[in-house]
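Pasting target00.tsv here (TSV, C-alpha atoms):
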chain	number	residue	atom	x	y	z
A	5	GLN	CA	118.41	104.33	90.55
A	6	GLN	CA	119.63	100.85	89.70
A	7	GLN	CA	120.06	99.15	93.03
A	8	VAL	CA	120.42	95.69	91.53
A	9	LYS	CA	122.82	95.09	88.66
A	10	GLN	CA	122.38	91.93	86.62
A	11	SER	CA	124.61	90.31	84.02
A	12	PRO	CA	124.81	89.13	81.36
A	13	GLN	CA	122.07	90.79	79.37
A	14	SER	CA	121.70	87.71	77.20
A	15	LEU	CA	123.02	84.17	77.39
A	16	ILE	CA	123.06	81.29	74.94
A	17	VAL	CA	123.70	77.83	76.31
A	18	GLN	CA	123.65	74.40	74.76
A	19	LYS	CA	121.18	71.83	76.03
A	20	GLY	CA	122.65	70.07	79.04
A	21	GLY	CA	124.99	72.93	79.85
A	22	ILE	CA	125.13	75.18	82.92
A	23	SER	CA	123.57	78.64	82.78
A	24	ILE	CA	124.96	81.21	85.21
A	25	ILE	CA	123.44	84.62	85.84
A	26	ASN	CA	124.96	87.09	88.25
A	27	CYS	CA	123.57	89.94	90.31
A	28	ALA	CA	125.01	92.55	92.61
A	29	TYR	CA	123.17	94.80	95.00
A	30	GLU	CA	123.98	97.99	96.85
A	31	ASN	CA	121.56	98.34	99.72
A	32	THR	CA	122.65	96.29	102.71
A	33	ALA	CA	119.12	96.55	104.11
A	34	PHE	CA	117.90	94.07	101.49
A	35	ASP	CA	117.03	90.81	103.19
A	36	TYR	CA	115.22	88.79	100.55
A	37	PHE	CA	116.66	87.79	97.19
A	38	PRO	CA	114.33	86.04	94.76
A	39	TRP	CA	114.77	85.04	91.15
A	40	TYR	CA	111.89	85.33	88.73
A	41	GLN	CA	111.33	83.60	85.40
A	42	GLN	CA	109.34	85.31	82.66
A	43	PHE	CA	108.07	83.74	79.47
A	44	PRO	CA	106.93	85.93	76.57
A	45	GLY	CA	103.50	87.42	77.13
A	46	LYS	CA	103.42	86.36	80.77
A	47	GLY	CA	104.11	88.02	84.06
A	48	PRO	CA	107.26	87.09	86.00
A	49	ALA	CA	106.87	84.08	88.27
A	50	LEU	CA	108.94	83.22	91.33
A	51	LEU	CA	111.53	80.58	90.61
A	52	ILE	CA	113.62	80.37	93.78
A	53	ALA	CA	114.54	82.72	96.62
A	54	ILE	CA	117.15	83.02	99.36
A	55	ARG	CA	117.61	84.90	102.61
A	56	PRO	CA	121.06	86.32	103.54
A	57	ASP	CA	121.57	83.92	106.43
A	58	VAL	CA	122.44	81.08	104.05
A	59	SER	CA	125.06	80.91	101.31
A	60	GLU	CA	123.33	78.50	98.98
A	61	LYS	CA	119.88	77.19	98.18
A	62	LYS	CA	119.08	74.43	95.74
A	63	GLU	CA	115.75	73.45	94.24
A	64	GLY	CA	115.97	70.81	91.57
A	65	ARG	CA	118.20	72.06	88.77
A	66	PHE	CA	118.18	75.62	90.12
A	67	THR	CA	120.70	76.87	92.69
A	68	ILE	CA	121.20	80.31	94.21
A	69	SER	CA	124.66	81.14	95.52
A	70	PHE	CA	124.82	84.09	97.87
A	71	ASN	CA	127.88	86.09	98.97
A	72	LYS	CA	126.84	88.59	101.61
A	73	SER	CA	130.25	90.23	102.03
A	74	ALA	CA	130.54	90.86	98.30
A	75	LYS	CA	126.86	91.79	98.01
A	76	GLN	CA	126.49	89.40	95.12
A	77	PHE	CA	124.27	86.45	94.30
A	78	SER	CA	123.90	84.21	91.31
A	79	LEU	CA	121.55	81.72	89.71
A	80	HIS	CA	122.89	78.47	88.36
A	81	ILE	CA	120.74	76.33	86.09
A	82	MET	CA	122.16	72.86	85.77
A	83	ASP	CA	121.42	70.59	82.81
A	84	SER	CA	119.78	73.51	80.99
A	85	GLN	CA	116.83	72.58	78.79
A	86	PRO	CA	115.17	74.36	75.84
A	87	GLY	CA	112.13	74.85	78.07
A	88	ASP	CA	114.29	77.00	80.34
A	89	SER	CA	114.53	79.58	77.57
A	90	ALA	CA	113.05	82.69	79.16
A	91	THR	CA	114.01	85.98	80.71
A	92	TYR	CA	115.33	85.74	84.25
A	93	PHE	CA	115.23	88.57	86.76
A	94	CYS	CA	117.04	88.77	90.03
A	95	ALA	CA	115.54	90.95	92.70
A	96	ALA	CA	116.30	92.25	96.15
A	97	GLY	CA	113.80	93.40	98.68
A	98	TYR	CA	113.17	94.89	102.02
A	99	ASN	CA	110.22	97.28	102.13
A	100	ASP	CA	109.86	97.05	98.38
A	101	MET	CA	111.29	94.86	95.65
A	102	ARG	CA	113.90	96.07	93.17
A	103	PHE	CA	114.64	94.07	90.06
A	104	GLY	CA	117.68	93.62	87.90
A	105	ALA	CA	117.51	94.42	84.19
A	106	GLY	CA	116.92	90.82	83.22
A	107	THR	CA	118.83	88.13	81.33
A	108	ARG	CA	117.42	86.59	78.19
A	109	LEU	CA	118.42	82.93	78.26
A	110	THR	CA	118.31	80.82	75.12
A	111	VAL	CA	119.00	77.12	75.44
A	112	LYS	CA	119.81	75.55	72.08
A	113	PRO	CA	118.76	71.94	71.50
B	25	ASP	CA	97.31	81.71	87.01
B	26	SER	CA	98.84	83.87	89.74
B	27	GLY	CA	95.50	85.12	91.05
B	28	VAL	CA	96.36	88.75	90.26
B	29	THR	CA	93.94	90.22	87.73
B	30	GLN	CA	94.77	93.18	85.55
B	31	THR	CA	92.51	95.07	83.14
B	32	PRO	CA	92.63	96.00	80.37
B	33	LYS	CA	95.10	93.56	78.78
B	34	HIS	CA	95.74	95.86	75.85
B	35	LEU	CA	95.16	99.56	75.40
B	36	ILE	CA	95.94	101.92	72.55
B	37	THR	CA	95.60	105.63	73.12
B	38	ALA	CA	96.83	108.92	71.76
B	39	THR	CA	99.46	111.23	73.16
B	40	GLY	CA	98.15	113.65	75.72
B	41	GLN	CA	95.40	111.33	76.85
B	42	ARG	CA	94.78	109.77	80.25
B	43	VAL	CA	94.25	106.10	81.03
B	44	THR	CA	93.51	104.04	84.12
B	45	LEU	CA	94.87	100.56	84.69
B	46	ARG	CA	93.12	98.36	87.19
B	47	CYS	CA	94.42	95.60	89.40
B	48	SER	CA	92.77	93.10	91.72
B	49	PRO	CA	95.30	91.44	94.03
B	50	ARG	CA	95.25	87.83	95.12
B	51	SER	CA	92.70	87.06	97.77
B	52	GLY	CA	94.20	87.89	101.14
B	53	ASP	CA	97.10	89.94	99.81
B	54	LEU	CA	97.41	93.38	101.37
B	55	SER	CA	100.28	94.77	99.30
B	56	VAL	CA	99.99	95.90	95.72
B	57	TYR	CA	102.92	96.89	93.55
B	58	TRP	CA	103.10	98.53	90.15
B	59	TYR	CA	105.97	97.95	87.74
B	60	GLN	CA	106.71	99.26	84.28
B	61	GLN	CA	108.47	97.05	81.74
B	62	SER	CA	109.73	98.66	78.57
B	63	LEU	CA	111.75	96.94	75.84
B	64	ASP	CA	115.22	96.21	77.21
B	65	GLN	CA	114.45	98.21	80.36
B	66	GLY	CA	113.73	95.46	82.82
B	67	LEU	CA	111.17	95.91	85.56
B	68	GLN	CA	111.04	99.42	86.88
B	69	PHE	CA	109.41	99.73	90.28
B	70	LEU	CA	106.81	102.46	90.34
B	71	ILE	CA	104.96	102.32	93.64
B	72	GLN	CA	103.75	100.05	96.43
B	73	TYR	CA	100.64	100.21	98.57
B	74	TYR	CA	99.96	98.29	101.73
B	75	ASN	CA	96.43	98.05	103.03
B	76	GLY	CA	95.42	101.30	101.38
B	77	GLU	CA	98.47	103.36	102.23
B	78	GLU	CA	101.47	104.23	100.10
B	79	ARG	CA	104.40	102.20	101.36
B	80	ALA	CA	107.22	102.85	98.90
B	81	LYS	CA	107.77	104.92	95.82
B	82	GLY	CA	110.19	104.27	92.96
B	83	ASN	CA	110.65	105.87	89.58
B	84	ILE	CA	107.08	107.01	89.20
B	85	LEU	CA	106.58	110.13	87.11
B	86	GLU	CA	104.54	113.04	88.43
B	87	ARG	CA	102.11	112.43	85.54
B	88	PHE	CA	101.38	109.04	87.06
B	89	SER	CA	99.43	108.36	90.20
B	90	ALA	CA	98.05	105.33	91.95
B	91	GLN	CA	95.80	104.41	94.80
B	92	GLN	CA	94.60	101.36	96.65
B	93	PHE	CA	90.97	101.24	97.60
B	94	PRO	CA	89.35	99.81	100.77
B	95	ASP	CA	88.55	96.59	98.91
B	96	LEU	CA	92.31	96.40	98.17
B	97	HIS	CA	92.06	96.74	94.44
B	98	SER	CA	94.37	99.31	92.95
B	99	GLU	CA	94.39	101.69	90.03
B	100	LEU	CA	97.30	103.26	88.20
B	101	ASN	CA	96.43	106.52	86.47
B	102	LEU	CA	98.63	107.70	83.63
B	103	SER	CA	98.02	111.20	82.30
B	104	SER	CA	99.42	113.49	79.60
B	105	LEU	CA	100.65	110.37	77.90
B	106	GLU	CA	103.78	110.46	75.80
B	107	LEU	CA	105.10	108.00	73.22
B	108	GLY	CA	107.74	106.90	75.72
B	109	ASP	CA	105.06	105.73	78.13
B	110	SER	CA	104.32	102.81	75.83
B	111	ALA	CA	105.15	99.77	77.93
B	112	LEU	CA	103.87	96.73	79.72
B	113	TYR	CA	102.55	97.66	83.14
B	114	PHE	CA	102.51	94.94	85.75
B	115	CYS	CA	100.62	94.80	88.97
B	116	ALA	CA	101.82	92.44	91.64
B	117	SER	CA	100.64	91.56	95.11
B	118	SER	CA	101.91	89.95	98.27
B	119	VAL	CA	100.53	89.16	101.69
B	120	GLY	CA	102.79	91.69	103.36
B	121	GLY	CA	105.92	93.56	102.44
B	122	PRO	CA	108.82	91.74	100.77
B	123	GLY	CA	111.05	92.35	103.74
B	124	SER	CA	109.38	89.48	105.50
B	125	GLY	CA	110.10	87.16	102.57
B	126	ASN	CA	106.63	87.22	101.12
B	127	THR	CA	106.46	86.15	97.52
B	128	ILE	CA	105.33	88.76	95.03
B	129	TYR	CA	102.83	87.43	92.53
B	130	PHE	CA	102.54	89.17	89.18
B	131	GLY	CA	99.55	89.65	86.97
B	132	GLU	CA	99.68	89.15	83.21
B	133	GLY	CA	100.23	92.85	82.60
B	134	SER	CA	98.51	95.64	80.70
B	135	TRP	CA	100.02	96.52	77.35
B	136	LEU	CA	99.83	100.26	76.78
B	137	THR	CA	100.58	101.66	73.35
B	138	VAL	CA	100.64	105.43	72.95
B	139	VAL	CA	100.36	106.62	69.35

As structure tokens, the full file:
Amino acid sequence: QQQVKQSPQSLIVQKGGISIINCAYENTAFDYFPWYQQFPGKGPALLIAIRPDVSEKKEGRFTISFNKSAKQFSLHIMDSQPGDSATYFCAAGYNDMRFGAGTRLTVKP
Amino acid sequence: DSGVTQTPKHLITATGQRVTLRCSPRSGDLSVYWYQQSLDQGLQFLIQYYNGEERAKGNILERFSAQQFPDLHSELNLSSLELGDSALYFCASSVGGPGSGNTIYFGEGSWLTVV
């Protein structure tokens, strides 16, 4: 019952580089697409979110790109920093929230 | 601190036993969600309650049950425990349902180890 597919499973990026994580969803009823950041031993925390009526949302170094027709959305982390090293989850929601499998990002100094 | 409180933080129990995980949502939040996170398994949605009533159900096993009480706290009951139930169980809360764009806030999780 994987309604949200996330890739890659892990990602290694050099400091200052761009990290890109992709997600695809199946249920066209989803109308809210957040990204969560999880550090070891902590619960996931909301990073940035988008609604399907816009194609892009930017907050600082973090940008969501959304393609409604393709049912895909992605997270771009510009100027990646070692402190960004964490697991990132995409999610899609309507009456409940379904999460992708997660991407373990490592940013090397 | 997200404002969502989960107890206990760690729990070790034997196979076949039953445990109860407790969650207090953020003040004012009416929805409570339970998720299971196993190694390399991501966040598996178990169940959602809204203002005391079951709102949505995911991959929750029949051995598991949950409820939300009038004071809005919630409990997840896990019975006939198996080794494969060892996981991190998260509770999360939101003001309403996620369809309206409400942010879900996660607790720190309850680590369950079944031996």

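Closest approach to A:Phe103 from the set A:Asn71, A:Ser14, A:Gln41, A:Ser59 is made by A:Gln41, with distances taken over only C-alpha atoms.
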
Exercise answer, chain B residues close to chain A, 12 Å and only C-alpha atoms, as a count of residues only
58

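Atom pair atom CA of A:Ser89 / atom CA of A:Leu15 has a distance of 9.7 Å (rounded to one decimal).
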
For B:Ser89, which residue out of B:Ser51, B:Thr137, B:Thr39, B:Thr44 is the nearest one, using all atoms listed in the file?
B:Thr44

With distances taken over all atoms listed in the file, the candidate from A:Ile25, A:Gln7, A:Asp88, A:Phe43 nearest A:Lys75 is A:Gln7

Near A:Met82, within 10 Å and counting only C-alpha atoms, which residues show up once chain neighbours fewer than 5 positions away are dropped, as an MDAnalysis selection string?
chainID A and resid 19:24 64:67

Excluding B:Asp95 and any residue of its chain fewer than 2 positions from it, enumerate the residues within 10 Å of it, using all atoms listed in the file, and give them as a PyMOL selection string.
chain B and resi 48-49+54+75-76+92-93+97-98

Could you state the separation of atom CA of B:Val138 and atom CA of B:Gly40 in Å, given to one decimal place?
9.0 Å

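Compared by their closest atoms to B:Ala90, and using all atoms listed in the file, the residues B:Arg50, B:Asp109, B:Leu35, B:Val43 rank with B:Val43 nearest.
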
Mind giving me the straight-line distance from atom CA of B:Asn101 to atom CA of B:Arg42 in Å, one decimal?
7.2 Å

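Around B:Phe88, within 6 Å and counting all atoms listed in the file, the residues found are Leu85, Glu86, Asn101 and Leu102 of chain B, once anything fewer than 2 positions away on its own chain is removed.
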
Go ahead and write the residues just picked, C-alpha atoms, as a compact mmCIF listing (two decimals), in the frame of the given file.
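Output below, filename again.txt:
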# COMPACT_ATOMS: atom_id res chain seq x y z
CA LEU B 85 106.58 110.13 87.11
CA GLU B 86 104.54 113.04 88.43
CA ASN B 101 96.43 106.52 86.47
CA LEU B 102 98.63 107.70 83.63

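Those residues that approach B:Val139 to within 8 Å, counting only C-alpha atoms, are Ile36, Thr37, Ala38, Thr39 and Leu107 of chain B; same-chain residues fewer than 6 positions away are not listed.
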
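All protein and nucleic acid residues in the vicinity of (124.9, 80.1, 97.8), that is within 9 Å when counting all atoms listed in the file, are Ile54, Val58, Ser59, Glu60, Lys61, Lys62, Thr67, Ile68, Ser69, Phe70, Asn71, Phe77, Ser78 and Leu79 of chain A.
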
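Between B:Gly52 and the candidates B:Val119, B:Leu100, B:Leu136, B:Ala111, the tightest atom-to-atom separation, counting only C-alpha atoms, involves B:Val119.
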